[in-house]
>>> print(open('target03.tsv').read())   # TSV, C-alpha atoms and all ligand atoms
chain	number	residue	atom	x	y	z
K	1	MET	CA	209.41	11.01	252.49
K	2	PRO	CA	208.25	7.39	252.41
K	3	ASN	CA	211.41	6.29	250.58
K	4	ASP	CA	213.87	7.50	253.20
K	5	ALA	CA	214.50	4.09	254.80
K	6	PHE	CA	214.99	2.54	251.36
K	7	LEU	CA	217.45	5.27	250.30
K	8	ASN	CA	219.32	5.02	253.60
K	9	ASP	CA	219.70	1.27	253.21
K	10	LEU	CA	220.89	1.68	249.60
K	11	ALA	CA	223.35	4.36	250.72
K	12	ASN	CA	225.02	1.77	252.95
K	13	GLY	CA	226.20	0.27	249.66
K	14	GLY	CA	227.87	-3.11	249.58
K	15	SER	CA	228.03	-5.77	246.90
K	16	ALA	CA	225.53	-6.25	244.06
K	17	GLU	CA	223.94	-9.03	246.14
K	18	THR	CA	223.50	-6.77	249.22
K	19	LEU	CA	221.91	-4.01	247.13
K	20	LEU	CA	219.61	-6.51	245.41
K	21	ALA	CA	218.52	-7.88	248.77
K	22	THR	CA	217.68	-4.30	249.85
K	23	ILE	CA	215.64	-3.71	246.67
K	24	LEU	CA	213.72	-6.96	247.24
K	25	LYS	CA	213.12	-6.09	250.90
K	26	TYR	CA	211.41	-2.82	249.93
K	27	HIS	CA	209.63	-4.31	246.88
K	28	PRO	CA	208.27	-7.61	248.19
K	29	ASP	CA	205.55	-7.76	245.53
K	30	LEU	CA	207.80	-7.56	242.45
K	31	ARG	CA	206.39	-9.39	239.43
K	32	ALA	CA	207.90	-10.03	235.99
K	33	PRO	CA	208.56	-8.03	233.91
K	34	ILE	CA	210.24	-5.81	236.50
K	35	ASP	CA	209.55	-2.06	236.19
K	36	VAL	CA	213.22	-1.05	236.24
K	37	VAL	CA	212.52	2.63	235.55
K	38	ALA	CA	210.26	2.85	238.61
K	39	ILE	CA	212.95	1.21	240.76
K	40	ALA	CA	215.60	3.59	239.35
K	41	HIS	CA	213.43	6.60	240.24
K	42	ARG	CA	212.84	5.31	243.76
K	43	ALA	CA	216.59	4.72	244.12
K	44	GLY	CA	217.43	8.36	243.30
K	45	ILE	CA	217.69	8.57	239.49
K	46	THR	CA	215.87	11.77	238.57
K	47	GLU	CA	215.60	11.19	234.82
K	48	VAL	CA	215.83	8.39	232.25
K	49	ARG	CA	215.88	9.55	228.64
K	50	ASP	CA	217.19	8.86	225.14
K	51	LEU	CA	220.05	10.80	223.61
K	52	GLU	CA	221.00	10.50	219.92
K	53	THR	CA	224.67	9.49	219.97
K	54	ASP	CA	227.19	6.99	218.59
K	55	ALA	CA	229.52	7.51	221.56
K	56	PHE	CA	227.81	5.07	223.93
K	57	ALA	CA	224.95	2.63	224.38
K	58	SER	CA	224.06	4.12	227.75
K	59	ALA	CA	225.49	6.61	230.20
K	60	LEU	CA	225.24	7.84	233.77
K	61	ILE	CA	225.39	11.61	234.29
K	62	THR	CA	225.85	12.66	237.89
K	63	ASN	CA	225.44	15.97	239.65
K	64	MET	CA	226.32	14.95	243.16
K	65	ALA	CA	226.41	18.58	244.37
K	66	LYS	CA	222.65	18.41	243.89
K	67	GLY	CA	222.55	14.71	244.80
K	68	GLU	CA	221.09	13.92	241.37
K	69	ALA	CA	221.84	11.52	238.55
K	70	ALA	CA	220.31	10.78	235.15
K	71	ILE	CA	220.51	7.77	232.86
K	72	LEU	CA	220.83	8.26	229.10
K	73	CYS	CA	220.22	5.59	226.45
K	74	ALA	CA	221.08	5.54	222.75
K	75	PRO	CA	217.74	5.38	220.87
K	76	GLY	CA	218.94	2.46	218.68
K	77	LEU	CA	218.70	-0.03	221.56
K	78	SER	CA	215.95	-2.64	221.46
K	79	ALA	CA	213.41	-2.40	224.30
K	80	GLN	CA	215.05	-5.38	226.01
K	81	ARG	CA	218.58	-3.98	225.71
K	82	ARG	CA	217.38	-0.59	226.87
K	83	ARG	CA	215.95	-2.14	230.04
K	84	PHE	CA	219.27	-3.89	230.66
K	85	ALA	CA	221.20	-0.67	229.99
K	86	ILE	CA	219.08	1.22	232.56
K	87	ALA	CA	219.59	-1.52	235.16
K	88	HIS	CA	223.34	-1.53	234.36
K	89	GLN	CA	223.64	2.25	234.93
K	90	LEU	CA	221.61	1.93	238.13
K	91	GLY	CA	224.26	-0.60	239.16
K	92	HIS	CA	227.04	1.93	238.48
K	93	PHE	CA	225.05	4.52	240.45
K	94	LEU	CA	224.61	2.32	243.54
K	95	LEU	CA	227.77	0.20	243.54
K	96	GLY	CA	231.10	1.30	244.97
K	97	GLY	CA	230.87	4.60	246.85
K	98	GLN	CA	230.48	8.02	245.21
K	99	PRO	CA	228.91	7.65	241.73
K	100	VAL	CA	230.90	9.04	238.79
K	101	ASP	CA	229.90	9.78	235.20
K	102	ARG	CA	229.98	6.70	232.96
K	103	GLN	CA	229.71	6.04	229.28
K	104	CYS	CA	229.23	2.37	228.45
K	105	ARG	CA	229.38	0.65	225.10
K	106	ASN	CA	227.55	-2.48	224.02
K	107	ARG	CA	230.53	-4.65	224.88
K	108	ASP	CA	230.57	-3.22	228.43
K	109	LEU	CA	226.95	-4.32	228.81
K	110	ALA	CA	228.06	-7.89	228.04
K	111	GLU	CA	231.29	-7.88	230.10
K	112	THR	CA	231.84	-11.01	232.20
K	113	ARG	CA	235.60	-10.69	232.83
K	114	ARG	CA	237.16	-9.21	235.96
K	115	ASP	CA	240.85	-9.02	235.00
K	116	THR	CA	241.10	-5.18	235.01
K	117	PRO	CA	239.42	-2.64	237.35
K	118	THR	CA	237.31	-1.28	234.45
K	119	ARG	CA	236.10	-4.71	233.34
K	120	LYS	CA	235.43	-5.66	236.94
K	121	ALA	CA	233.23	-2.58	237.43
K	122	GLU	CA	231.33	-3.41	234.22
K	123	MET	CA	230.95	-7.06	235.24
K	124	HIS	CA	229.57	-6.01	238.66
K	125	ALA	CA	227.13	-3.59	236.99
K	126	ASN	CA	225.99	-6.44	234.73
K	127	ARG	CA	225.55	-8.82	237.67
K	128	PHE	CA	223.49	-6.15	239.40
K	129	ALA	CA	221.43	-5.54	236.22
K	130	ALA	CA	220.67	-9.26	235.83
K	131	GLY	CA	219.63	-9.41	239.48
K	132	VAL	CA	217.28	-6.42	239.20
K	133	LEU	CA	215.60	-7.59	235.99
K	134	MET	CA	215.48	-11.27	237.01
K	135	PRO	CA	215.34	-11.32	240.84
K	136	LYS	CA	216.70	-14.63	242.15
K	137	PRO	CA	213.61	-15.80	244.13
K	138	LEU	CA	211.24	-15.02	241.24
K	139	PHE	CA	213.55	-16.47	238.62
K	140	VAL	CA	214.26	-19.71	240.51
K	141	ALA	CA	210.52	-20.22	241.11
K	142	SER	CA	209.62	-19.60	237.46
K	143	VAL	CA	212.35	-21.97	236.22
K	144	ALA	CA	211.24	-24.67	238.71
K	145	GLY	CA	207.67	-24.23	237.44
K	146	LEU	CA	208.80	-25.10	233.91
K	147	GLY	CA	209.89	-28.63	234.91
K	148	LYS	CA	212.76	-30.55	233.31
K	149	PRO	CA	215.28	-28.21	231.62
K	150	THR	CA	214.96	-27.79	227.87
K	151	VAL	CA	216.45	-25.25	225.48
K	152	THR	CA	212.99	-23.97	224.45
K	153	HIS	CA	212.46	-22.60	227.99
K	154	LEU	CA	215.01	-19.88	227.37
K	155	PRO	CA	213.07	-17.79	224.82
K	156	ASP	CA	210.00	-18.12	227.10
K	157	ILE	CA	211.97	-16.90	230.13
K	158	ALA	CA	213.40	-13.99	228.09
K	159	ALA	CA	209.83	-13.01	227.08
K	160	THR	CA	208.50	-13.29	230.66
K	161	TYR	CA	211.22	-10.98	232.05
K	162	HIS	CA	211.36	-8.81	228.89
K	163	VAL	CA	215.11	-9.27	228.53
K	164	THR	CA	217.34	-10.43	225.67
K	165	LEU	CA	217.86	-14.16	225.13
K	166	GLU	CA	221.51	-13.61	226.09
K	167	ALA	CA	220.56	-12.05	229.44
K	168	ALA	CA	218.06	-14.83	230.21
K	169	VAL	CA	220.58	-17.56	229.33
K	170	THR	CA	223.35	-15.95	231.39
K	171	ARG	CA	221.05	-15.68	234.42
K	172	TYR	CA	219.85	-19.26	233.95
K	173	ALA	CA	223.43	-20.59	233.76
K	174	ASP	CA	224.35	-18.59	236.90
K	175	LEU	CA	221.45	-19.83	239.01
K	176	THR	CA	220.76	-23.40	237.87
K	177	GLN	CA	221.84	-26.31	240.05
K	178	THR	CA	222.10	-28.52	236.95
K	179	MET	CA	225.26	-29.21	234.91
K	180	CYS	CA	224.59	-27.49	231.62
K	181	ALA	CA	226.22	-25.10	229.17
K	182	PHE	CA	224.73	-22.83	226.53
K	183	LEU	CA	226.56	-22.02	223.31
K	184	PHE	CA	225.60	-19.12	221.06
K	185	VAL	CA	226.41	-19.98	217.47
K	186	LYS	CA	226.15	-17.88	214.32
K	187	ASP	CA	226.74	-19.33	210.85
K	188	GLY	CA	228.50	-22.39	212.23
K	189	VAL	CA	230.93	-20.49	214.48
K	190	LEU	CA	230.83	-20.33	218.29
K	191	ARG	CA	230.32	-16.73	219.42
K	192	TYR	CA	230.35	-17.29	223.18
K	193	ALA	CA	229.47	-19.87	225.82
K	194	ARG	CA	227.65	-19.67	229.14
K	195	PRO	CA	228.43	-22.77	231.25
K	196	SER	CA	226.77	-23.39	234.62
K	197	ARG	CA	228.98	-23.49	237.68
K	198	PHE	CA	229.69	-27.24	237.83
K	199	PHE	CA	229.89	-27.91	234.09
K	200	PRO	CA	233.23	-29.43	232.97
K	201	ALA	CA	235.73	-27.04	231.32
K	202	LEU	CA	234.83	-26.47	227.67
K	203	SER	CA	237.41	-27.27	224.98
K	204	ILE	CA	235.62	-25.25	222.28
K	205	GLN	CA	236.34	-21.50	222.26
K	206	ALA	CA	234.81	-18.38	220.77
K	207	GLY	CA	235.63	-18.26	217.05
K	208	ASP	CA	235.91	-22.06	216.71
K	209	PRO	CA	233.76	-23.86	214.12
K	210	ILE	CA	231.08	-26.02	215.74
K	211	PRO	CA	230.81	-29.79	215.16
K	212	ALA	CA	229.01	-30.89	211.98
K	213	SER	CA	226.13	-32.45	213.95
K	214	VAL	CA	225.09	-28.97	215.13
K	215	LYS	CA	225.81	-27.21	211.85
K	216	SER	CA	223.44	-29.53	209.95
K	217	ALA	CA	220.50	-28.90	212.34
K	218	THR	CA	217.69	-26.81	210.81
K	219	PRO	CA	214.85	-24.71	212.26
K	220	ASN	CA	212.36	-27.39	211.16
K	221	ASP	CA	214.02	-30.16	213.18
K	222	ARG	CA	212.11	-31.39	216.20
K	223	ILE	CA	213.90	-30.29	219.37
K	224	ALA	CA	215.09	-33.47	221.07
K	225	TRP	CA	217.92	-34.59	223.31
K	226	LEU	CA	220.72	-35.89	221.10
K	227	PRO	CA	223.91	-37.66	222.14
K	228	ALA	CA	226.91	-35.31	221.97
K	229	GLU	CA	230.52	-36.44	221.50
K	230	ALA	CA	232.24	-35.31	224.73
K	231	ARG	CA	235.64	-34.72	223.08
K	232	ASP	CA	234.03	-32.19	220.66
K	233	TRP	CA	233.01	-29.96	223.54
K	234	ILE	CA	234.85	-30.52	226.81
K	235	GLN	CA	238.39	-30.99	227.99
K	236	ILE	CA	238.92	-34.71	228.48
K	237	SER	CA	241.37	-35.89	231.09
K	238	ARG	CA	243.00	-39.29	230.67
K	239	HIS	CA	242.56	-39.95	234.38
K	240	THR	CA	238.81	-39.50	234.68
K	241	ARG	CA	235.91	-41.25	233.01
K	242	GLN	CA	234.39	-38.93	230.42
K	243	PRO	CA	230.82	-37.88	231.25
K	244	ARG	CA	227.87	-38.70	229.03
K	245	LEU	CA	226.85	-35.52	227.23
K	246	THR	CA	223.52	-34.81	225.60
K	247	MET	CA	222.46	-31.69	223.72
K	248	GLN	CA	219.49	-29.81	222.34
K	249	ILE	CA	219.72	-27.41	219.41
K	250	LEU	CA	217.46	-24.44	218.79
K	251	SER	CA	218.03	-23.22	215.21
K	252	LYS	CA	216.76	-19.99	213.64
K	253	ALA	CA	216.42	-19.19	209.95
K	254	ASN	CA	219.04	-16.38	210.19
K	255	GLY	CA	221.87	-18.82	210.98
K	256	PHE	CA	221.64	-18.33	214.74
K	257	GLN	CA	221.71	-21.44	216.93
K	258	LEU	CA	221.48	-21.91	220.67
K	259	VAL	CA	222.99	-25.20	221.82
K	260	MET	CA	222.29	-26.57	225.29
K	261	LEU	CA	224.76	-29.20	226.54
K	262	PHE	CA	223.67	-31.26	229.51
K	263	VAL	CA	225.32	-33.71	231.91
K	264	ASN	CA	223.04	-35.81	234.12
K	265	ALA	CA	224.95	-35.27	237.38
K	266	ALA	CA	223.04	-37.95	239.34
K	267	ALA	CA	223.67	-40.59	236.64
K	268	GLU	CA	227.36	-39.59	236.53
K	269	ARG	CA	227.66	-40.01	240.31
K	270	ARG	CA	226.08	-43.49	240.11
K	271	ALA	CA	228.43	-44.47	237.25
K	272	ASP	CA	231.44	-43.27	239.28
K	273	GLU	CA	230.31	-45.31	242.28
K	274	GLU	CA	229.83	-48.39	240.08
K	275	ALA	CA	233.31	-47.99	238.58
K	276	GLU	CA	234.83	-47.64	242.04
K	277	LYS	CA	233.00	-50.69	243.34
K	278	GLU	CA	234.14	-52.76	240.38
K	279	ALA	CA	237.74	-51.68	240.93
K	280	THR	CA	237.74	-52.66	244.61
K	281	GLU	CA	236.02	-56.00	243.97
K	282	LYS	CA	238.61	-57.13	241.40
K	283	PRO	CA	240.94	-59.79	242.85
K	284	SER	CA	244.52	-58.60	243.02
K	285	PHE	CA	247.38	-60.56	241.50
K	286	GLY	CA	249.43	-62.83	243.67
K	287	GLN	CA	246.94	-63.24	246.45
K	288	ARG	CA	245.44	-66.65	247.05
K	289	ARG	CA	242.53	-67.33	249.20
H	301	ZN	ZN	228.97	0.27	232.44
>>> encode(input="target03.tsv", output="structure tokens", more="lines below")
Ligand SMILES: [Zn+2]
Amino acid sequence: MPNDAFLNDLANGGSAETLLATILKYHPDLRAPIDVVAIAHRAGITEVRDLETDAFASALITNMAKGEAAILCAPGLSAQRRRFAIAHQLGHFLLGGQPVDRQCRNRDLAETRRDTPTRKAEMHANRFAAGVLMPKPLFVASVAGLGKPTVTHLPDIAATYHVTLEAAVTRYADLTQTMCAFLFVKDGVLRYARPSRFFPALSIQAGDPIPASVKSATPNDRIAWLPAEARDWIQISRHTRQPRLTMQILSKANGFQLVMLFVNAAAERRADEEAEKEATEKPSFGQRR
């Protein structure tokens, strides 16, 4: 069988990143949108099908005596969510030793916490799913090709990879080298936030009302960088200079808004250096020259 080496390498297991590297090694010509069903079949999933149910969004059914596994999806899922659900179950199948049967709900497919073993397993399956659907080398190259970051890139990226806006934003925040944060807002209330790695700690939490400047933005407004009041969004320490924040707002007619907060890291570094220089150049009291 031509797939033997691939299956052997996958069977060695490891982290989501190791498995993703193996998938990329054997699929060097991957192009967006990724054919996740084809990859699942090559990786040992014998069947992917819909099953009418309210019990789960997607499930993994294993028959390891036969060395087989199938992925089931609830038919109500959008095409984008279905692709993510398949990649998520493939993650459960490949991650962490002997696969076991799984039934995952919508909230499992969005899990980012790792504070219990169950949540950790869901979070790892989601990391794997994001990596399969938006492979790092492809994703980084397509984002670089778009030029300076702007909030309107995100729907384009979601369309290119045929994933939900949420999945595209989460992947973008994970991989970008810039200091930015995305906030998903519905009817003036923050639903959840996706900050990039070096973004300052947010002060606004899920369930909080968003500042009036965002609430008043409409779908017809031109998308531009606007100044954002730092204390509305991030935890301000008395001991550090507060960074200059800018934001862009993408508003939809149904009350949904995607807010992108941005800190120009290079400008902040220069401002810090200036402040330090000024402090050391100040003459001290009681010293005469
Ligand atoms: Zn799951």
>>> closest_atom_pairs(input="target03.tsv", of="chain K", to="ligand ZN 301 (chain H)", cutoff="7 Å", atoms="only C-alpha atoms and all ligand atoms", output="JSON lines")
{"residue": "K:His88", "atom": "CA", "partner": "H:ZN301", "partner_atom": "ZN", "distance": 6.2}
{"residue": "K:Gln89", "atom": "CA", "partner": "H:ZN301", "partner_atom": "ZN", "distance": 6.2}
{"residue": "K:His92", "atom": "CA", "partner": "H:ZN301", "partner_atom": "ZN", "distance": 6.6}
{"residue": "K:Arg102", "atom": "CA", "partner": "H:ZN301", "partner_atom": "ZN", "distance": 6.5}
{"residue": "K:Gln103", "atom": "CA", "partner": "H:ZN301", "partner_atom": "ZN", "distance": 6.6}
{"residue": "K:Cys104", "atom": "CA", "partner": "H:ZN301", "partner_atom": "ZN", "distance": 4.5}
{"residue": "K:Asp108", "atom": "CA", "partner": "H:ZN301", "partner_atom": "ZN", "distance": 5.6}
{"residue": "K:Leu109", "atom": "CA", "partner": "H:ZN301", "partner_atom": "ZN", "distance": 6.2}
{"residue": "K:Glu122", "atom": "CA", "partner": "H:ZN301", "partner_atom": "ZN", "distance": 4.7}
{"residue": "K:Ala125", "atom": "CA", "partner": "H:ZN301", "partner_atom": "ZN", "distance": 6.2}
>>> write_last_selection(input="target03.tsv", atoms="C-alpha atoms", output="mmCIF file, in the frame of the given file")
data_model
loop_
_atom_site.group_PDB
_atom_site.id
_atom_site.type_symbol
_atom_site.label_atom_id
_atom_site.label_comp_id
_atom_site.auth_asym_id
_atom_site.auth_seq_id
_atom_site.Cartn_x
_atom_site.Cartn_y
_atom_site.Cartn_z
ATOM 1 C CA HIS K 88 223.340 -1.530 234.360
ATOM 2 C CA GLN K 89 223.640 2.250 234.930
ATOM 3 C CA HIS K 92 227.040 1.930 238.480
ATOM 4 C CA ARG K 102 229.980 6.700 232.960
ATOM 5 C CA GLN K 103 229.710 6.040 229.280
ATOM 6 C CA CYS K 104 229.230 2.370 228.450
ATOM 7 C CA ASP K 108 230.570 -3.220 228.430
ATOM 8 C CA LEU K 109 226.950 -4.320 228.810
ATOM 9 C CA GLU K 122 231.330 -3.410 234.220
ATOM 10 C CA ALA K 125 227.130 -3.590 236.990
#
>>> closest_residue(input="target03.tsv", among="K:Ala193, K:Ala38, K:Leu51, K:Ala43", to="Cys180 in chain K", atoms="all atoms listed in the file")
K:Ala193
>>> atom_distance(input="target03.tsv", atom1="CA of Ala230 in chain K", atom2="CA of Pro195 in chain K")
14.6 Å
>>> axis_aligned_box(input="target03.tsv", around="range 26-31 of chain K", padding_each_side="3 Å", output="AutoDock Vina command-line options")
--center_x 208.5 --center_y -6.1 --center_z 244.7 --size_x 11.9 --size_y 12.6 --size_z 16.5
>>> residues_around(input="target03.tsv", residues="Tyr26 in chain K", least_positions_apart="2", cutoff="12 Å", atoms="all atoms listed in the file", output="PyMOL selection string")
chain K and resi 2-10+19-24+28-30+39+42-43
>>> residues_around(input="target03.tsv", residues="Asp174 in chain K", least_positions_apart="6", cutoff="12 Å", atoms="all atoms listed in the file", output="list of chain:residue names")
K:Thr112, K:Arg127, K:Ala130, K:Gly131, K:Met134, K:Lys136, K:Phe139, K:Val140, K:Ala167, K:Ala168, K:Cys180, K:Ala181, K:Phe182, K:Arg194, K:Pro195, K:Ser196, K:Arg197, K:Phe198, K:Phe199
>>> atom_distance(input="target03.tsv", atom1="CA of Leu133 in chain K", atom2="CA of Thr18 in chain K")
15.4 Å
>>> residues_around(input="target03.tsv", residues="range 58-69 of chain K", least_positions_apart="2", cutoff="12 Å", atoms="only C-alpha atoms", output="PyMOL selection string")
chain K and resi 11+40-41+43-56+71-77+81-94+97-109
